[in-house]
Amino acid sequence: MQPLLFGLFLSMYLVTFIGNLLIILAIIIDSHLHTPMYFFLSNLSFADICFISSTVPKMMLNIQMQNKVITYEGCITQMYFFMLFGGLDNFLLTVMAYDRFVAICHPLHYTVIMNTKFCGLLLLISWLLALLDSLLHGLMVLRLSFCTELEIPHFFCELNQVAQLACSDTFLNDLVMFATGLVGVIPLTGILFSYTKVVSSILRISPAEGKYKAFTTCASHLSVVSLFYGTGLGVYLSSAATQNSGASAMASVMYTVATPMLNPFIYSLRNKDVKQALKKIFS
């Protein structure tokens with residue numbers, strides 16, 4: 001069973017790493033892709049590579065060495081980078097939804113609004129918010145005291161699971177997690193608002209061909225958003241509804257491994273421009 005698991009996760013990791021790397025290279029090489037949408041997509045691909053790299057290599061090492069031990073420092077570090085790049089994914093998807101909103105609802109002002117300086121500012125804000133969020137949770141965990149030889153019922157150091165194992169009072173940690181969870185709803189609200197306006201604008205387009213063309217520019221992003229938030233919701237519901245750590249871990253695998261792996265396929269299969277750029281790389 002161990003070699004099978006190792007092979008499965010190794011293949012998924014390599015597909016994710018190479019797939020996202022090819023998306024980044026295609027966007028850098030092809031000048032036609034030097035637009036705000038693809039600028040944010042390249043950063044999303046980079047975040048996905050880092051997101052999966054924060055957990056899967058350590059897990060594969062544990063399987064190969066048949067040793068599931070992680071140090072306290074290693075656990076805190078893993079948790080920090082997992083939250084950093086997971087948060088960055090969240091904010092980048094929101095920014096990309098705003099980009100689609102401007103492109104479809106205000107097409108004549110698109111190049112003026114989404115200029116290079118503003119895109120850079122949106123990216124900087126996304127990084128800062130993700131850094132602050134992960135740093136806050138990391139510092140909150142550092143204030144907790146733990147007994148020795150703890151067992152985490154998970155395949156990586158997940159914030160909630162680690163906090164539950166603390167010997168000291170976790171009320172403040174729970175409060176911060178709840179508060180940041182509520183704040184985390186803001187990006188999703190922004191995405192929903194953007195797409196409400198986008199759908200409303202598309203429906204007002206008279207030719208059916210025009211409606212289809214407008215919708216295809218959003219289809220890839222909408223698919224990724226559905227996958228990201230759908231699996232994230234699955235992780236939350238599985239951990240809240242059941243005490244079965246196996247079910248929770250399986251849901252987390254979908255969120256941490258399957259989502260970054262499928263993103264390059266979604267953008268390359270549904271996007272003509274990316275397909276052509278990838279053909280240039282291999283030709």
# chains A, B, ... in the order shown; residues from 1 in each chain; ligands from 1
>>> residues_around(residues="A:Leu172", least_positions_apart="6", cutoff="12 Å", atoms="only C-alpha atoms", output="JSON, numbers by chain")
{"A": [136, 137, 139, 140, 141, 143, 144, 163, 178, 179]}
>>> write_last_selection(atoms="all heavy atoms", output="PDB file, in the first residue's frame")
ATOM      1  N   LEU A 136      -0.540  36.082  11.474  1.00  0.00           N
ATOM      2  CA  LEU A 136      -1.405  36.183  12.651  1.00  0.00           C
ATOM      3  C   LEU A 136      -1.698  34.801  13.226  1.00  0.00           C
ATOM      4  O   LEU A 136      -1.546  34.583  14.441  1.00  0.00           O
ATOM      5  CB  LEU A 136      -2.721  36.882  12.264  1.00  0.00           C
ATOM      6  CG  LEU A 136      -3.814  36.939  13.344  1.00  0.00           C
ATOM      7  CD1 LEU A 136      -3.343  37.741  14.554  1.00  0.00           C
ATOM      8  CD2 LEU A 136      -5.101  37.523  12.778  1.00  0.00           C
ATOM      9  N   HIS A 137      -2.087  33.865  12.364  1.00  0.00           N
ATOM     10  CA  HIS A 137      -2.390  32.511  12.837  1.00  0.00           C
ATOM     11  C   HIS A 137      -1.139  31.808  13.370  1.00  0.00           C
ATOM     12  O   HIS A 137      -1.213  31.085  14.375  1.00  0.00           O
ATOM     13  CB  HIS A 137      -3.009  31.685  11.712  1.00  0.00           C
ATOM     14  CG  HIS A 137      -4.425  32.053  11.418  1.00  0.00           C
ATOM     15  ND1 HIS A 137      -5.430  31.929  12.350  1.00  0.00           N
ATOM     16  CD2 HIS A 137      -5.015  32.547  10.298  1.00  0.00           C
ATOM     17  CE1 HIS A 137      -6.571  32.328  11.822  1.00  0.00           C
ATOM     18  NE2 HIS A 137      -6.352  32.711  10.580  1.00  0.00           N
ATOM     19  N   LEU A 139       1.516  33.233  14.778  1.00  0.00           N
ATOM     20  CA  LEU A 139       1.839  33.805  16.099  1.00  0.00           C
ATOM     21  C   LEU A 139       0.858  33.318  17.170  1.00  0.00           C
ATOM     22  O   LEU A 139       1.251  33.120  18.333  1.00  0.00           O
ATOM     23  CB  LEU A 139       1.803  35.344  16.025  1.00  0.00           C
ATOM     24  CG  LEU A 139       2.922  35.993  15.198  1.00  0.00           C
ATOM     25  CD1 LEU A 139       2.682  37.494  15.046  1.00  0.00           C
ATOM     26  CD2 LEU A 139       4.292  35.743  15.846  1.00  0.00           C
ATOM     27  N   MET A 140      -0.397  33.141  16.788  1.00  0.00           N
ATOM     28  CA  MET A 140      -1.398  32.643  17.739  1.00  0.00           C
ATOM     29  C   MET A 140      -1.094  31.204  18.160  1.00  0.00           C
ATOM     30  O   MET A 140      -1.334  30.821  19.307  1.00  0.00           O
ATOM     31  CB  MET A 140      -2.800  32.714  17.126  1.00  0.00           C
ATOM     32  CG  MET A 140      -3.334  34.124  16.936  1.00  0.00           C
ATOM     33  SD  MET A 140      -3.384  35.102  18.441  1.00  0.00           S
ATOM     34  CE  MET A 140      -4.572  34.183  19.401  1.00  0.00           C
ATOM     35  N   VAL A 141      -0.554  30.410  17.245  1.00  0.00           N
ATOM     36  CA  VAL A 141      -0.183  29.027  17.581  1.00  0.00           C
ATOM     37  C   VAL A 141       1.059  29.012  18.464  1.00  0.00           C
ATOM     38  O   VAL A 141       1.167  28.193  19.392  1.00  0.00           O
ATOM     39  CB  VAL A 141       0.043  28.186  16.295  1.00  0.00           C
ATOM     40  CG1 VAL A 141       0.632  26.813  16.628  1.00  0.00           C
ATOM     41  CG2 VAL A 141      -1.256  28.012  15.534  1.00  0.00           C
ATOM     42  N   ARG A 143       1.866  30.965  20.787  1.00  0.00           N
ATOM     43  CA  ARG A 143       1.560  31.281  22.188  1.00  0.00           C
ATOM     44  C   ARG A 143       0.997  30.073  22.959  1.00  0.00           C
ATOM     45  O   ARG A 143       0.917  30.087  24.181  1.00  0.00           O
ATOM     46  CB  ARG A 143       0.549  32.437  22.268  1.00  0.00           C
ATOM     47  CG  ARG A 143      -0.790  32.166  21.657  1.00  0.00           C
ATOM     48  CD  ARG A 143      -1.773  33.307  21.832  1.00  0.00           C
ATOM     49  NE  ARG A 143      -2.293  33.360  23.180  1.00  0.00           N
ATOM     50  CZ  ARG A 143      -3.305  32.610  23.629  1.00  0.00           C
ATOM     51  NH1 ARG A 143      -3.897  31.741  22.824  1.00  0.00           N
ATOM     52  NH2 ARG A 143      -3.714  32.730  24.865  1.00  0.00           N
ATOM     53  N   LEU A 144       0.610  29.012  22.225  1.00  0.00           N
ATOM     54  CA  LEU A 144       0.065  27.820  22.864  1.00  0.00           C
ATOM     55  C   LEU A 144       1.177  26.919  23.387  1.00  0.00           C
ATOM     56  O   LEU A 144       2.281  26.904  22.840  1.00  0.00           O
ATOM     57  CB  LEU A 144      -0.803  27.028  21.868  1.00  0.00           C
ATOM     58  CG  LEU A 144      -2.051  27.722  21.313  1.00  0.00           C
ATOM     59  CD1 LEU A 144      -2.680  26.852  20.233  1.00  0.00           C
ATOM     60  CD2 LEU A 144      -3.050  28.028  22.406  1.00  0.00           C
ATOM     61  N   ALA A 163      -4.326  23.181  16.871  1.00  0.00           N
ATOM     62  CA  ALA A 163      -4.871  23.948  17.996  1.00  0.00           C
ATOM     63  C   ALA A 163      -5.636  23.057  18.974  1.00  0.00           C
ATOM     64  O   ALA A 163      -5.591  23.270  20.191  1.00  0.00           O
ATOM     65  CB  ALA A 163      -5.773  25.062  17.485  1.00  0.00           C
ATOM     66  N   PHE A 178     -12.317  32.184  14.029  1.00  0.00           N
ATOM     67  CA  PHE A 178     -13.696  32.516  13.661  1.00  0.00           C
ATOM     68  C   PHE A 178     -13.768  33.879  12.977  1.00  0.00           C
ATOM     69  O   PHE A 178     -14.432  34.041  11.950  1.00  0.00           O
ATOM     70  CB  PHE A 178     -14.581  32.506  14.920  1.00  0.00           C
ATOM     71  CG  PHE A 178     -16.019  32.867  14.655  1.00  0.00           C
ATOM     72  CD1 PHE A 178     -16.874  31.966  14.030  1.00  0.00           C
ATOM     73  CD2 PHE A 178     -16.516  34.115  15.016  1.00  0.00           C
ATOM     74  CE1 PHE A 178     -18.194  32.297  13.776  1.00  0.00           C
ATOM     75  CE2 PHE A 178     -17.837  34.456  14.758  1.00  0.00           C
ATOM     76  CZ  PHE A 178     -18.680  33.543  14.140  1.00  0.00           C
ATOM     77  N   ALA A 179     -13.041  34.856  13.543  1.00  0.00           N
ATOM     78  CA  ALA A 179     -13.048  36.226  12.995  1.00  0.00           C
ATOM     79  C   ALA A 179     -12.433  36.262  11.592  1.00  0.00           C
ATOM     80  O   ALA A 179     -12.989  36.877  10.680  1.00  0.00           O
ATOM     81  CB  ALA A 179     -12.294  37.166  13.925  1.00  0.00           C
TER      82      ALA A 179
END
>>> residues_around(residues="stretch 262-274 of chain A", least_positions_apart="5", cutoff="12 Å", atoms="only C-alpha atoms", output="PyMOL selection string")
chain A and resi 12-13+15-35+37-38+41-42+44-49+89+93+213+215-228+254-257+279-281
>>> select_by_dssp(residues="stretch 30-279 of chain A", states="helix (DSSP H, G or I)", output="PyMOL selection string")
chain A and resi 31-33+36-53+56-65+72-105+107-113+116-142+159-164+171-183+185-203+208-241+245-269+272-279
>>> closest_residue(among="A:Ala103, A:Phe156, A:Leu10, A:Pro36", to="A:Phe82", atoms="only C-alpha atoms")
A:Phe156
>>> atom_distance(atom1="atom CA of A:Asn62", atom2="atom CA of A:Phe9")
11.9 Å
>>> atom_distance(atom1="atom CA of A:Pro187", atom2="atom CA of A:Ile125")
12.7 Å
>>> residues_around(residues="A:Gln66", least_positions_apart="6", cutoff="12 Å", atoms="only C-alpha atoms", output="list in words")
Met1, Gln2, Pro3, Leu5, Phe6, Lys58, Met59 and Met60 of chain A
>>> closest_residue(among="A:Asn160, A:Cys119, A:Ile104, A:Tyr98", to="A:Arg204", atoms="only C-alpha atoms")
A:Ile104
